[in-house]
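Below: input_16.txt (compact mmCIF, C-alpha atoms)
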```txt
# COMPACT_ATOMS: atom_id res chain seq x y z
CA MET A 1 -3.92 -91.78 -69.22
CA MET A 2 -5.77 -90.10 -72.09
CA ILE A 3 -4.75 -87.03 -74.08
CA SER A 4 -7.39 -85.49 -76.33
CA ASN A 5 -7.49 -82.76 -78.94
CA VAL A 6 -10.79 -81.00 -78.27
CA THR A 7 -10.57 -78.23 -80.85
CA SER A 8 -13.44 -77.98 -83.31
CA VAL A 9 -11.16 -77.27 -86.30
CA ASN A 10 -8.41 -79.26 -88.02
CA SER A 11 -5.20 -78.96 -86.00
CA THR A 12 -2.27 -80.93 -84.68
CA LEU A 13 -1.54 -81.90 -81.10
CA ASP A 14 2.13 -82.45 -80.29
CA TYR A 15 3.03 -83.78 -76.86
CA GLN A 16 5.72 -85.64 -74.98
CA ILE A 17 5.27 -88.00 -72.03
CA GLU A 18 8.01 -88.91 -69.59
CA LEU A 19 7.42 -91.62 -66.97
CA THR A 20 9.98 -91.04 -64.24
CA ASN A 21 8.68 -93.43 -61.56
CA ASN A 22 10.84 -96.55 -61.85
CA THR A 23 7.98 -98.77 -60.72
CA PHE A 24 6.43 -98.46 -64.17
CA PRO A 25 6.94 -101.42 -66.51
CA GLY A 26 9.70 -101.23 -69.07
CA GLN A 27 7.41 -101.43 -72.09
CA ILE A 28 4.84 -98.70 -72.65
CA ILE A 29 2.31 -99.10 -75.48
CA ALA A 30 0.73 -96.02 -77.09
CA ARG A 31 -2.48 -96.12 -79.10
CA VAL A 32 -4.26 -93.58 -81.26
CA VAL A 33 -8.00 -94.07 -80.87
CA GLN A 34 -10.53 -92.57 -83.25
CA VAL A 35 -13.33 -91.45 -80.93
CA SER A 36 -15.71 -90.15 -83.58
CA GLU A 37 -16.28 -90.56 -87.30
CA SER A 38 -18.21 -88.56 -89.87
CA ASP A 39 -20.50 -90.20 -92.38
CA VAL A 40 -17.99 -90.96 -95.10
CA THR A 41 -20.51 -92.86 -97.22
CA THR A 42 -21.79 -89.56 -98.64
CA ALA A 43 -18.37 -88.36 -99.73
CA THR A 44 -17.77 -87.84 -103.44
CA LYS A 45 -14.99 -86.45 -105.60
CA GLU A 46 -16.87 -83.15 -105.66
CA ASN A 47 -17.60 -83.21 -101.91
CA PRO A 48 -14.80 -85.14 -100.15
CA ASP A 49 -14.91 -86.10 -96.50
CA LEU A 50 -13.01 -83.55 -94.40
CA SER A 51 -13.26 -85.13 -90.96
CA LYS A 52 -10.30 -84.73 -88.65
CA GLY A 53 -7.76 -87.49 -88.28
CA SER A 54 -4.99 -88.74 -86.04
CA SER A 55 -1.46 -90.06 -86.17
CA ILE A 56 1.40 -90.92 -83.85
CA MET A 57 5.09 -90.78 -84.67
CA GLY A 58 7.43 -93.68 -84.00
CA SER A 59 5.51 -96.83 -83.07
CA GLY A 60 2.15 -98.17 -81.96
CA GLY A 61 -0.12 -101.13 -81.39
CA PRO A 62 -0.80 -103.91 -80.83
CA ASP A 63 -4.18 -104.47 -82.46
CA LEU A 64 -6.42 -107.33 -81.34
CA PHE A 65 -4.50 -109.87 -83.43
CA GLY A 66 -1.12 -108.68 -82.18
CA TYR A 67 0.25 -106.59 -85.04
CA GLU A 68 2.44 -103.67 -84.07
CA TRP A 69 4.01 -100.93 -86.16
CA ILE A 70 7.27 -99.06 -85.91
CA ASP A 71 8.89 -96.60 -88.29
CA SER A 72 12.36 -95.29 -88.99
CA ASN A 73 11.78 -92.29 -86.71
CA ASP A 74 12.10 -94.72 -83.82
CA PRO A 75 15.69 -95.66 -82.86
CA GLU A 76 14.65 -99.33 -82.92
CA GLY A 77 12.72 -99.00 -86.17
CA PRO A 78 13.58 -100.31 -89.64
CA ASP A 79 16.25 -98.70 -91.79
CA TYR A 80 15.14 -96.81 -94.86
CA VAL A 81 16.61 -98.60 -97.88
CA TRP A 82 15.27 -97.81 -101.35
CA ASN A 83 15.47 -100.61 -103.93
CA ASP A 84 14.11 -99.06 -107.14
CA ILE A 85 12.35 -101.70 -109.28
CA SER A 86 11.16 -99.35 -112.04
CA THR A 87 13.79 -100.86 -114.36
CA THR A 88 13.93 -104.42 -112.99
CA GLY A 89 10.27 -105.03 -112.18
CA THR A 90 7.18 -105.58 -114.34
CA LEU A 91 4.97 -102.63 -115.29
CA VAL A 92 1.28 -103.14 -114.46
CA THR A 93 -0.90 -102.68 -117.55
CA ASN A 94 -4.03 -104.75 -116.82
CA TRP A 95 -5.98 -102.10 -114.88
CA VAL A 96 -9.75 -102.67 -114.68
CA PRO A 97 -12.20 -99.88 -113.74
CA THR A 98 -14.36 -100.35 -110.65
CA SER A 99 -16.70 -97.47 -111.53
CA SER A 100 -17.47 -95.11 -114.40
CA TYR A 101 -14.12 -93.37 -113.93
CA PRO A 102 -10.95 -94.42 -115.82
CA ALA A 103 -9.20 -97.52 -114.49
CA THR A 104 -6.06 -95.77 -113.22
CA ASP A 105 -8.26 -93.28 -111.36
CA GLU A 106 -10.77 -95.67 -109.81
CA GLY A 107 -9.63 -99.19 -110.59
CA LYS A 108 -7.76 -102.35 -109.72
CA ALA A 109 -5.21 -104.77 -111.15
CA GLY A 110 -4.62 -108.42 -110.37
CA PRO A 111 -4.43 -111.02 -109.13
CA PHE A 112 -0.64 -111.27 -108.92
CA ASN A 113 1.00 -114.39 -107.52
CA LEU A 114 3.24 -113.71 -104.54
CA GLY A 115 5.42 -116.74 -105.23
CA PHE A 116 4.93 -117.96 -101.67
CA THR A 117 2.23 -118.36 -99.05
CA PHE A 118 1.77 -115.26 -96.92
CA LYS A 119 -0.05 -115.44 -93.59
CA TYR A 120 -2.03 -112.27 -92.84
CA TYR A 121 -4.18 -112.02 -89.72
CA GLY A 122 -3.87 -115.79 -89.39
CA ILE A 123 -5.08 -116.62 -92.93
CA GLU A 124 -2.80 -117.80 -95.73
CA TYR A 125 -2.83 -116.05 -99.10
CA SER A 126 -0.90 -116.56 -102.32
CA ASN A 127 -2.24 -113.66 -104.45
CA VAL A 128 -2.48 -109.90 -104.13
CA TRP A 129 -4.46 -107.15 -105.93
CA PHE A 130 -3.44 -103.50 -106.42
CA CYS A 131 -5.78 -100.52 -106.15
CA SER A 132 -5.34 -97.19 -107.92
CA ASN A 133 -6.15 -95.45 -104.64
CA GLY A 134 -2.97 -96.48 -102.87
CA PHE A 135 -3.63 -99.82 -101.19
CA VAL A 136 -3.15 -103.52 -101.88
CA SER A 137 -5.51 -106.32 -100.86
CA PHE A 138 -5.30 -110.08 -100.49
CA VAL A 139 -8.82 -110.51 -101.90
CA ASP A 140 -10.37 -109.24 -105.10
CA ILE A 141 -11.15 -105.52 -104.94
CA THR A 142 -14.81 -104.81 -105.63
CA ASP A 143 -14.71 -101.17 -104.50
CA ALA A 144 -11.68 -98.97 -105.13
CA GLY A 145 -12.36 -96.98 -101.96
CA MET A 146 -12.49 -93.50 -103.46
CA SER A 147 -13.04 -92.06 -99.96
CA ASN A 148 -10.54 -93.27 -97.38
CA GLU A 149 -11.80 -94.21 -93.92
CA PRO A 150 -10.38 -94.81 -90.44
CA ILE A 151 -9.06 -98.30 -89.75
CA PRO A 152 -10.65 -100.66 -88.87
CA THR A 153 -14.05 -100.37 -90.51
CA SER A 154 -16.39 -103.09 -91.73
CA ASN A 155 -17.10 -101.06 -94.87
CA ILE A 156 -15.38 -102.41 -97.97
CA PRO A 157 -12.59 -102.49 -98.99
CA ASN A 158 -11.18 -104.80 -96.31
CA ASN A 159 -8.22 -107.16 -96.00
CA LEU A 160 -5.87 -104.41 -97.09
CA ILE A 161 -2.51 -102.75 -96.57
CA ALA A 162 -3.06 -99.00 -96.89
CA GLY A 163 0.13 -97.34 -98.07
CA ILE A 164 -1.41 -94.02 -99.07
CA TRP A 165 -5.15 -94.73 -99.21
CA ASP A 166 -6.61 -91.58 -100.70
CA ASP A 167 -8.43 -90.43 -103.80
CA LEU A 168 -5.45 -90.86 -106.12
CA ASP A 169 -5.34 -90.63 -109.90
CA GLY A 170 -2.59 -92.22 -111.97
CA GLN A 171 -3.84 -91.16 -115.40
CA THR A 172 -1.06 -88.67 -116.11
CA THR A 173 2.26 -89.82 -114.67
CA GLY A 174 1.40 -92.73 -112.38
CA GLN A 175 2.97 -96.15 -112.85
CA VAL A 176 2.99 -99.32 -110.73
CA PHE A 177 5.69 -101.98 -110.91
CA TYR A 178 5.95 -105.32 -109.13
CA LYS A 179 8.76 -107.80 -108.60
CA GLN A 180 8.63 -111.31 -107.21
CA GLU A 181 11.66 -112.52 -105.27
CA SER A 182 12.30 -115.74 -103.36
CA ASN A 183 11.41 -114.34 -99.95
CA LYS A 184 9.53 -111.12 -100.68
CA PHE A 185 7.13 -109.43 -103.10
CA ILE A 186 7.65 -105.74 -103.98
CA VAL A 187 5.01 -103.31 -105.27
CA GLN A 188 6.16 -99.83 -106.30
CA PHE A 189 3.80 -96.91 -106.92
CA ASN A 190 5.88 -94.56 -109.01
CA ASN A 191 5.18 -90.83 -109.27
CA TRP A 192 1.49 -91.42 -108.49
CA PRO A 193 -0.57 -88.19 -108.23
CA GLY A 194 -3.68 -87.38 -106.24
CA TYR A 195 -7.02 -86.57 -107.83
CA TYR A 196 -7.07 -83.10 -106.28
CA SER A 197 -4.56 -80.49 -107.37
CA GLY A 198 -1.61 -80.23 -104.98
CA THR A 199 -1.89 -83.79 -103.67
CA GLY A 200 1.24 -85.74 -104.53
CA PRO A 201 2.74 -87.09 -106.64
CA PHE A 202 4.01 -89.88 -104.40
CA THR A 203 6.56 -92.65 -104.86
CA TRP A 204 6.54 -95.53 -102.38
CA GLN A 205 6.77 -99.31 -102.04
CA PHE A 206 5.00 -102.19 -100.33
CA VAL A 207 7.42 -105.01 -99.47
CA ILE A 208 5.60 -108.19 -98.38
CA HIS A 209 8.02 -110.62 -96.73
CA LYS A 210 7.48 -114.37 -96.71
CA ASN A 211 8.08 -114.45 -92.92
CA GLY A 212 4.96 -112.28 -92.34
CA LYS A 213 6.63 -108.90 -92.03
CA ILE A 214 5.39 -105.93 -94.07
CA ILE A 215 7.57 -102.87 -94.72
CA LEU A 216 6.51 -99.72 -96.55
CA TYR A 217 9.18 -97.40 -97.96
CA TYR A 218 8.20 -93.82 -98.77
CA LYS A 219 10.72 -92.24 -101.14
CA THR A 220 9.05 -89.03 -102.35
CA ILE A 221 6.15 -87.29 -100.63
CA THR A 222 5.29 -84.01 -102.32
CA GLY A 223 2.37 -81.63 -102.07
CA THR A 224 -0.46 -82.38 -99.67
CA SER A 225 -0.35 -85.78 -97.96
CA ASN A 226 -2.58 -85.31 -94.92
CA SER A 227 -5.81 -86.63 -96.44
CA ALA A 228 -4.84 -90.32 -96.47
CA THR A 229 -5.18 -93.45 -94.34
CA ILE A 230 -2.07 -95.49 -93.50
CA GLY A 231 -2.40 -98.88 -91.79
CA ILE A 232 -3.51 -102.50 -92.07
CA GLU A 233 -6.88 -104.23 -91.70
CA ASN A 234 -8.13 -107.82 -91.51
CA HIS A 235 -10.59 -109.62 -93.80
CA ALA A 236 -13.68 -108.84 -91.71
CA GLY A 237 -12.87 -105.20 -91.08
CA ASN A 238 -13.21 -105.68 -87.31
CA ASP A 239 -9.50 -105.53 -86.49
CA GLY A 240 -6.74 -103.34 -87.79
CA LEU A 241 -3.84 -101.07 -86.97
CA GLN A 242 -4.09 -97.42 -87.96
CA VAL A 243 -0.92 -95.35 -88.20
CA ALA A 244 -2.49 -92.17 -89.55
CA TYR A 245 -5.85 -90.95 -90.73
CA ASN A 246 -6.20 -87.57 -92.46
CA ALA A 247 -3.17 -86.33 -90.55
CA THR A 248 0.34 -85.06 -91.16
CA TYR A 249 2.57 -88.13 -90.93
CA LEU A 250 4.25 -89.04 -94.22
CA GLN A 251 7.69 -87.74 -95.13
CA ASN A 252 10.48 -88.42 -97.57
CA ASN A 253 12.78 -91.40 -96.88
CA LEU A 254 10.50 -93.01 -94.31
CA ALA A 255 10.31 -96.74 -93.57
CA LEU A 256 7.23 -98.19 -91.82
CA GLN A 257 7.10 -101.79 -90.58
CA PHE A 258 4.17 -103.99 -89.52
CA SER A 259 4.76 -107.31 -87.76
CA ALA A 260 2.96 -109.58 -85.34
CA GLU A 261 6.07 -110.81 -83.52
CA PRO A 262 8.73 -108.59 -81.94
CA GLU A 263 12.23 -108.80 -83.40
CA TRP A 264 13.71 -110.17 -80.17
CA LEU A 265 11.27 -113.12 -80.21
CA LEU A 266 12.17 -114.02 -83.80
CA ALA A 267 15.86 -113.83 -82.89
CA GLU A 268 15.35 -116.11 -79.88
CA ILE A 269 13.47 -118.66 -81.99
CA CYS A 270 16.23 -118.68 -84.61
CA ARG A 271 18.86 -119.06 -81.89
CA ALA A 272 16.98 -121.94 -80.28
CA LEU A 273 16.58 -123.74 -83.61
CA SER A 274 20.27 -123.26 -84.36
CA THR A 275 21.22 -124.70 -80.97
CA MET A 276 18.87 -127.65 -81.48
CA GLU A 277 20.42 -128.37 -84.87
CA THR A 278 23.92 -128.32 -83.38
CA ARG A 279 22.92 -130.72 -80.63
CA LEU A 280 21.34 -133.11 -83.12
CA GLN A 281 24.47 -133.09 -85.25
CA PHE A 282 26.58 -133.78 -82.16
CA CYS A 283 24.41 -136.75 -81.15
```
Take the structure I supplied and represent it as structure tokens, if you would.
Amino acid sequence: MMISNVTSVNSTLDYQIELTNNTFPGQIIARVVQVSESDVTTATKENPDLSKGSSIMGSGGPDLFGYEWIDSNDPEGPDYVWNDISTTGTLVTNWVPTSSYPATDEGKAGPFNLGFTFKYYGIEYSNVWFCSNGFVSFVDITDAGMSNEPIPTSNIPNNLIAGIWDDLDGQTTGQVFYKQESNKFIVQFNNWPGYYSGTGPFTWQFVIHKNGKIILYYKTITGTSNSATIGIENHAGNDGLQVAYNATYLQNNLALQFSAEPEWLLAEICRALSTMETRLQFC
């Protein structure tokens, strides 16, 4: 079953599907598929790409690897809990430009040690880099991605978590903080504006959990936010999970989770290990 928005201008398509035949399976998976792309390689700050985008509210996936996403708009999604690290974390000051623009406009910072090994698309990483344009990557950033693209794409940057991947500019009020904890690594973009007037500023967090789970917390979304990419992508750029692309999706007090294993499976594994431990103690 395919639903398409065939208008030639930017617009939204809101719809609701109800499957009433009880012979359908209990789990229904919805995907947003980008059926066409414009040539984003010619986009510049003066002439940005204005191609239409897509988003879906609630949950989606899996991608080829098995990652799925779910947000706090879904009854089974993660809770929104804001843990401000602007006073407890470390302020990022080692920004390096990736072009002729200032470093907090088009630049990167890193590497930062996670404090643990994190498995992402089946590969283990121990460091992360931050980009001024709203994403983090598990490899060195050689292109700050001034023009966001649909996910996945083989064009660099790859191997990323796109929180608000857009042409952002932190020169005026933007700050980034990070905090390493025993089982998670937190990155907070604080009051980070967009390059274009009326975009942002935004405040949000990436929380990378040692167990492989990724949760993004969006605290403050102001101004225009429908020119960004939100999602994850693997190292080769041939697999990824797009939540939104140039579409109205972000909102205040939103939590967005990515994981490759459903919560019930993790719970069953923990329960089985606990039972095994009890039996061994009894023997």
So, counting all atoms listed in the file, which residue among A:Ala162, A:Val92, A:Ala228, A:Ala144 is closest to A:Phe258?
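Under the stated criterion, the closest residue is A:Ala162.
In this model, the gap between atom CA of A:Gln175 and atom CA of A:Ile85 comes to 11.5 Å.
Comparing A:Thr220, A:Asn226, A:Gln180, A:Ser132 by their smallest distance to A:Thr199, the closest is A:Asn226 (using only C-alpha atoms).
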Could you work out an axis-aligned box for stretch 116-127 of chain A, taking every atom the file lists and adding 6 Å on each side, and report centre and edge lengths in Å to one decimal, as JSON?
```
{"center_x": -0.1, "center_y": -115.2, "center_z": -96.9, "size_x": 22.0, "size_y": 18.3, "size_z": 27.1}
```
Protein and nucleic acid residues near (-7.7, -91.2, -109.3) (cut-off 8 Å, only C-alpha atoms) as a PyMOL selection string
chain A and resi 102+104-106+132-133+146+167-171+193-195
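Using all atoms listed in the file, the smallest distance between any of A:Gly110, A:Pro201, A:Gly212, A:Gly134 and A:Ile230 comes from A:Gly134.
The nearest approach to A:Ala236 among the residues A:Thr153, A:Ser59, A:Ser8, A:Asn94, with all atoms listed in the file taken into account, belongs to A:Thr153.
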Item to complete: Using only C-alpha atoms, find all polymer residues with an atom at most 7 Å away from the point (5.2, -93.8, -110.3); report them as JSON, numbers by chain.
Response: {"A": [173, 174, 175, 176, 189, 190, 191, 192, 203]}
When you look at A:Asn159 with a cut-off of 8 Å (counting only C-alpha atoms), what residues show up, excluding the ones that are within fewer than 2 positions of it in the same chain? I need them as a ChimeraX atom specification. /A:137-139,157,161,232-237
- Task: May I ask for the distance between atom CA of A:Ala260 and atom CA of A:Ile123, given in Å to one decimal place?
- Result: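 Spanning atom CA of A:Ala260 to atom CA of A:Ile123 is a straight-line distance of 13.1 Å.
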Quiz item: Of the candidates A:Lys184, A:Ala255, A:Cys131, A:Asp74, which one gets nearest to A:Lys213 if we count all atoms listed in the file?
Solution: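 Checking each of A:Lys184, A:Ala255, A:Cys131, A:Asp74 against A:Lys213, counting all atoms listed in the file, the winner is A:Lys184.
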- Please indicate the distance in Å from atom CA of A:Gln188 to atom CA of A:Phe135, rounded to one decimal place.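 Going from atom CA of A:Gln188 over to atom CA of A:Phe135, I get 11.0 Å.
The nearest approach to A:Thr98 among the residues A:Asp71, A:Asp84, A:Asp79, A:Asp143, with only C-alpha atoms taken into account, belongs to A:Asp143.
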* Asked: Excluding same-chain residues fewer than 6 positions from stretch 113-121 of chain A, what lies within 6 Å of it counting only C-alpha atoms, as JSON, numbers by chain?
  -> {"A": [127, 185, 210]}
